[in-house]
Amino acid sequence: MTSFLSSPVSRRSVLIGGAALLGTAGLSACSPSGASSSGSKTLNVAYFGTQQAADATAKVAEPFIKANPGVTVKFNGINGTDWNDFFTKVLTQIAAGNPPDIVSVATEGVQLFAQKKLAHPLDDYVKRDKDQLAPYFKDVHPSLVEAMMYQGNLYELPTDFNAGNMYFNTSLLQKSGLQLPSSSWTMDDFHSLATGLKSNSGAVPFDWVVRLWGSWTSFMYANGGNLVTEGKYDGGDWLWNQFYANDPAAKGRGGGWKWGAPTANSDAVVESLDYMVELANSGLSAKPDVGGGSTLQGLFASNKIGMSIGGGFWAGGLHNAGMPNGSFDVQFFPKWKVQRHLFGTGGYGIFESSKNKDLAWEFLKSLVDPAAISVLTSGNSTTPARRSMMTADRYSSTGPKNWQVFYDTLDKLPDTAPIPAPPYYNAMANALNQRTTQAMSSGNARSALDGLQQDLETAAASVGS
């Protein structure tokens with residue numbers, strides 16, 4: 001995941017660290033069980049972001065290096081406009097015969113790498129080190145773990161996540177005589193708020209960007225729709241029984257999300273995109289751009305936007321854009337047919353081609369220690385995967401006041417689910433961008449989504465899904 005504070009990808013992720021870790025407590029102090037047969041103790045990490053951001057994030061490795069003399073960890077920045085761009089560049093690097101040992105991967109790429117047999121399953125490592133990892137899993141919501149699984153195997157330990165909540169410019173709300181809505185607000189309430197915010201000259205009531213996460217897809221989830229048929233792979237009982245046996249939130253979990261036949265032109269999906277067209281035509285929303293959210297954060301901080309979809313990373317992003325604590329707040333996404341949210345989670349995976357898998361695993365374990373996650377989520381650049389790290393003190397400098405919403409989205413809204421991310425994610429993301437732009441330009445959501453349906457059927461057939 002990239003830097004939400006400086007990169008145009010601005011979404012969730014394994015990001016810029018603001019300070020070096022202190023101490024080597026917990027998992028970060030574990031010694032590696034071995035290096036490669038060649039004796040190399042260097043780990044190369046493919047990182048989504050600029051080299052400057054990668055260098056800052058590399059501070060997270062300092063305690064691990066200190067505890068394991070002779071080990072080197074190199075973070076190599078690979079920049080891109082969004083995750084699909086990053087994946088394309090990593091695959092090109094692999095094809096050129098220069099594969100990394102470890103890669104930072106969000107929900108979007110887990111199945112892509114696993115299906116191509118590029119990622120190494122973590123199951124045997126987790127089973128072996130179950131006693132060390134028990135406190136971690138106890139602290140992490142099972143939905144985040146399940147999103148890192150594919151066909152029964154676990155490929156990453158989540159370090160962070162972001163769900164698609166709704167942010168409000170409190171100054172514009174006050175000028176319009178409006179208040180932050182309750183947690184149970186509805187689409188009718190959303191429309192009323194947008195209409196009221198229209199009184200602010202020079203500001204758009206609601207704005208969004210074209211992409212899979214936190215776009216019009218948030219409305220699609222709330223409307224009970226999805227771009228593909230939802231299912232679960234078999235397997236994973238070894239994990240759920242070991243770490244989540246008494247957790248009601250783990251009931252019904254499987255071996256990862258099985259994204260089935262495309263349903264991009266179903267009635268619920270068409271109705272959702274139609275609504276976005278109507279919002280733009282009525283002046284309640286701008287016609288969106290394709291890409292990340294950094295531009296939106298700048299406009300939001302300049303009092304040009306009243307509401308927008310954002311995750312926990314928006315707290316740090318808006319603060320860095322100059323918004324003081326109290327000038328913005330957050331709430332659940334409104335209820336339509338349901339109040340279902342989407343989320344994305346991130347972590348690090350091991351490449352199958354790595355000759356340092358054992359060493360790489362020890363480093364991955366170090367990254368889920370609270371001290372390490374503090375570095376990865378520095379400045380509230382994303383949301384910690386560990387529930388215990390969600391505290392008032394964490395958000396005391398950046399805001400928002402209603403910060404509990406971030407983890408409550410998982411705890412209190414149990415049908416919250418990851419964005420659709422099948423092995424053909426790259427093709428899906430590109431097609432969604434093109435067809436959404438087509439719909440917003442033509443005003444014909446049905447025609448655009450008929451095209452998207454064909455695009456996804458072709459993409460799914462290409463990988464045998």
# chains A, B, ... in the order shown; residues from 1 in each chain; ligands from 1

call {"tool": "select_by_dssp", "arguments": {"residues": "range 194-292 of chain A", "states": "helix (DSSP H, G or I)", "output": "ChimeraX atom specification"}}
result
/A:194-197,216-222,237-243,248-250,267-281

call {"tool": "residues_around", "arguments": {"residues": "range 247-253 of chain A", "least_positions_apart": "3", "cutoff": "9 Å", "atoms": "only C-alpha atoms", "output": "short mmCIF file (atom, residue, chain, number, x, y, z; two decimals) with N, CA and C atoms, in the first residue's frame"}}
result
data_model
loop_
_atom_site.label_atom_id
_atom_site.label_comp_id
_atom_site.auth_asym_id
_atom_site.auth_seq_id
_atom_site.Cartn_x
_atom_site.Cartn_y
_atom_site.Cartn_z
N HIS A 141 -9.45 -8.47 13.69
CA HIS A 141 -10.77 -8.93 13.28
C HIS A 141 -10.65 -10.02 12.22
N PRO A 142 -11.43 -11.10 12.33
CA PRO A 142 -11.29 -12.22 11.38
C PRO A 142 -11.58 -11.85 9.93
N SER A 143 -12.38 -10.81 9.69
CA SER A 143 -12.66 -10.43 8.31
C SER A 143 -11.40 -9.98 7.58
N GLU A 146 -9.42 -13.22 6.73
CA GLU A 146 -10.05 -13.97 5.64
C GLU A 146 -9.78 -13.32 4.29
N LYS A 232 -17.42 -18.32 -0.91
CA LYS A 232 -16.26 -18.59 -0.06
C LYS A 232 -15.59 -19.89 -0.50
N GLY A 236 -9.45 -23.51 5.58
CA GLY A 236 -9.20 -22.50 6.60
C GLY A 236 -9.60 -22.90 7.99
N ASP A 237 -10.19 -24.09 8.15
CA ASP A 237 -10.62 -24.51 9.48
C ASP A 237 -9.46 -24.56 10.46
N TRP A 240 -9.24 -20.94 11.80
CA TRP A 240 -10.39 -20.47 12.59
C TRP A 240 -10.51 -21.26 13.89
N PHE A 243 -7.35 -20.09 16.27
CA PHE A 243 -7.23 -18.73 16.78
C PHE A 243 -8.56 -18.02 17.07
N TYR A 244 -9.67 -18.52 16.50
CA TYR A 244 -10.93 -17.79 16.63
C TYR A 244 -12.09 -18.69 17.09
N GLY A 256 -11.18 -18.01 2.17
CA GLY A 256 -11.00 -16.83 1.34
C GLY A 256 -12.22 -16.56 0.48
N ASP A 411 -16.61 -4.32 13.62
CA ASP A 411 -17.21 -4.95 14.80
C ASP A 411 -18.74 -4.85 14.83
N PRO A 414 -21.43 -6.50 10.68
CA PRO A 414 -20.79 -7.78 10.36
C PRO A 414 -20.82 -8.18 8.89
#

call {"tool": "closest_atom_pairs", "arguments": {"of": "range 270-312 of chain A", "to": "range 396-403 of chain A", "cutoff": "12 Å", "atoms": "only C-alpha atoms", "output": "JSON lines"}}
result
{"residue": "A:Gly310", "atom": "CA", "partner": "A:Pro400", "partner_atom": "CA", "distance": 11.9}
{"residue": "A:Gly311", "atom": "CA", "partner": "A:Trp403", "partner_atom": "CA", "distance": 10.3}
{"residue": "A:Gly312", "atom": "CA", "partner": "A:Trp403", "partner_atom": "CA", "distance": 8.1}

call {"tool": "residues_around", "arguments": {"residues": "Thr159 in chain A", "least_positions_apart": "6", "cutoff": "12 Å", "atoms": "only C-alpha atoms", "output": "ChimeraX atom specification"}}
result
/A:1,12-15,104-107,136-137,139-141,144-145,148,344-349,364-377,382-387,389

call {"tool": "write_last_selection", "arguments": {"atoms": "N, CA and C atoms", "output": "CSV table (one decimal), in the first residue's frame"}}
result
chain,number,residue,atom,x,y,z
A,1,MET,N,0.8,-1.2,0.0
A,1,MET,CA,0.0,0.0,0.0
A,1,MET,C,0.9,1.2,0.0
A,12,ARG,N,-4.9,2.9,1.3
A,12,ARG,CA,-4.7,2.3,2.6
A,12,ARG,C,-3.3,1.8,2.6
A,13,SER,N,-2.6,1.6,3.5
A,13,SER,CA,-1.5,0.7,3.2
A,13,SER,C,-0.4,0.7,4.1
A,14,VAL,N,0.6,0.0,3.7
A,14,VAL,CA,1.8,-0.2,4.4
A,14,VAL,C,2.7,0.9,4.0
A,15,LEU,N,2.8,1.9,4.9
A,15,LEU,CA,3.3,3.2,4.5
A,15,LEU,C,4.4,3.8,5.1
A,104,SER,N,4.8,-5.7,-0.7
A,104,SER,CA,3.7,-5.2,0.0
A,104,SER,C,2.5,-5.3,-0.9
A,105,VAL,N,1.4,-5.9,-0.4
A,105,VAL,CA,0.3,-6.2,-1.2
A,105,VAL,C,-1.0,-5.9,-0.4
A,106,ALA,N,-1.9,-5.2,-1.0
A,106,ALA,CA,-3.3,-5.0,-0.5
A,106,ALA,C,-4.2,-6.0,-1.0
A,107,THR,N,-5.4,-6.0,-0.5
A,107,THR,CA,-6.5,-6.9,-0.9
A,107,THR,C,-6.5,-7.1,-2.4
A,136,TYR,N,-1.6,-11.9,18.5
A,136,TYR,CA,-1.8,-11.1,17.3
A,136,TYR,C,-3.2,-11.4,16.7
A,137,PHE,N,-3.5,-12.7,16.5
A,137,PHE,CA,-4.8,-13.0,15.9
A,137,PHE,C,-6.0,-12.6,16.8
A,139,ASP,N,-6.2,-10.1,18.5
A,139,ASP,CA,-6.3,-8.6,18.4
A,139,ASP,C,-6.7,-8.1,17.0
A,140,VAL,N,-6.9,-9.1,16.1
A,140,VAL,CA,-7.2,-8.7,14.7
A,140,VAL,C,-8.6,-9.3,14.3
A,141,HIS,N,-9.4,-8.5,13.7
A,141,HIS,CA,-10.8,-8.9,13.3
A,141,HIS,C,-10.6,-10.0,12.2
A,144,LEU,N,-10.5,-9.3,8.3
A,144,LEU,CA,-9.2,-8.9,7.7
A,144,LEU,C,-8.3,-10.1,7.3
A,145,VAL,N,-8.3,-11.1,8.2
A,145,VAL,CA,-7.5,-12.3,8.0
A,145,VAL,C,-8.1,-13.1,6.8
A,148,MET,N,-7.1,-12.1,3.3
A,148,MET,CA,-5.8,-12.4,2.9
A,148,MET,C,-5.6,-13.9,2.6
A,344,GLY,N,-10.6,-2.6,2.4
A,344,GLY,CA,-9.4,-3.2,1.9
A,344,GLY,C,-8.4,-3.3,3.0
A,345,THR,N,-7.6,-4.3,3.0
A,345,THR,CA,-6.6,-4.5,4.0
A,345,THR,C,-5.2,-4.8,3.3
A,346,GLY,N,-4.2,-4.6,4.1
A,346,GLY,CA,-2.8,-4.7,3.5
A,346,GLY,C,-1.8,-5.4,4.4
A,347,GLY,N,-0.8,-5.9,3.8
A,347,GLY,CA,0.3,-6.6,4.6
A,347,GLY,C,1.4,-6.9,3.6
A,348,TYR,N,2.2,-7.9,4.0
A,348,TYR,CA,3.4,-8.3,3.2
A,348,TYR,C,3.3,-9.8,2.9
A,349,GLY,N,3.7,-10.1,1.7
A,349,GLY,CA,3.7,-11.5,1.3
A,349,GLY,C,5.1,-12.0,0.9
A,364,LEU,N,8.3,-11.0,8.4
A,364,LEU,CA,6.9,-10.8,8.4
A,364,LEU,C,6.3,-10.8,9.8
A,365,LYS,N,6.8,-11.7,10.6
A,365,LYS,CA,6.3,-11.8,12.0
A,365,LYS,C,6.6,-10.5,12.8
A,366,SER,N,7.8,-10.0,12.5
A,366,SER,CA,8.1,-8.7,13.2
A,366,SER,C,7.2,-7.6,12.8
A,367,LEU,N,6.7,-7.6,11.6
A,367,LEU,CA,5.9,-6.5,11.1
A,367,LEU,C,4.5,-6.4,11.8
A,368,VAL,N,4.0,-7.4,12.5
A,368,VAL,CA,2.7,-7.4,13.1
A,368,VAL,C,2.8,-7.1,14.6
A,369,ASP,N,4.0,-6.9,15.1
A,369,ASP,CA,4.2,-6.4,16.5
A,369,ASP,C,3.6,-5.0,16.6
A,370,PRO,N,3.0,-4.6,17.7
A,370,PRO,CA,2.4,-3.3,17.8
A,370,PRO,C,3.4,-2.2,17.5
A,371,ALA,N,4.6,-2.3,17.9
A,371,ALA,CA,5.6,-1.3,17.7
A,371,ALA,C,5.9,-1.1,16.2
A,372,ALA,N,5.9,-2.2,15.5
A,372,ALA,CA,6.1,-2.1,14.0
A,372,ALA,C,4.9,-1.5,13.3
A,373,ILE,N,3.7,-1.9,13.7
A,373,ILE,CA,2.5,-1.3,13.1
A,373,ILE,C,2.4,0.1,13.4
A,374,SER,N,2.9,0.6,14.6
A,374,SER,CA,2.9,2.0,14.9
A,374,SER,C,3.7,2.8,13.9
A,375,VAL,N,4.8,2.2,13.4
A,375,VAL,CA,5.6,2.8,12.4
A,375,VAL,C,4.9,2.8,11.0
A,376,LEU,N,4.3,1.7,10.7
A,376,LEU,CA,3.7,1.5,9.4
A,376,LEU,C,2.4,2.4,9.3
A,377,THR,N,1.8,2.8,10.4
A,377,THR,CA,0.6,3.6,10.4
A,377,THR,C,0.9,5.0,11.0
A,382,THR,N,-2.9,5.3,7.8
A,382,THR,CA,-3.8,4.1,7.5
A,382,THR,C,-4.3,3.6,8.9
A,383,THR,N,-5.2,2.6,8.9
A,383,THR,CA,-5.8,2.2,10.2
A,383,THR,C,-5.1,0.9,10.6
A,384,PRO,N,-4.6,0.8,11.9
A,384,PRO,CA,-4.0,-0.4,12.4
A,384,PRO,C,-5.0,-1.6,12.3
A,385,ALA,N,-4.4,-2.7,12.0
A,385,ALA,CA,-5.2,-4.0,12.0
A,385,ALA,C,-5.5,-4.5,13.4
A,386,ARG,N,-4.7,-4.1,14.3
A,386,ARG,CA,-4.8,-4.5,15.7
A,386,ARG,C,-5.8,-3.6,16.4
A,387,ARG,N,-6.8,-4.2,16.9
A,387,ARG,CA,-7.9,-3.4,17.6
A,387,ARG,C,-7.4,-2.7,18.8
A,389,MET,N,-4.8,-1.1,19.3
A,389,MET,CA,-4.1,0.1,18.9
A,389,MET,C,-5.0,1.3,18.6

call {"tool": "closest_residue", "arguments": {"among": "A:Glu278, A:Ser302, A:Arg394, A:Leu154", "to": "Asp124 in chain A", "atoms": "only C-alpha atoms"}}
result
A:Leu154

call {"tool": "closest_residue", "arguments": {"among": "A:Leu173, A:Ala445, A:Leu432, A:Val228", "to": "Ser327 in chain A", "atoms": "only C-alpha atoms"}}
result
A:Leu173

call {"tool": "residues_around", "arguments": {"residues": "range 318-320 of chain A", "least_positions_apart": "3", "cutoff": "12 Å", "atoms": "only C-alpha atoms", "output": "ChimeraX atom specification"}}
result
/A:4-6,10,167-169,293-303,308,310-315,323-330,379-381,395-400
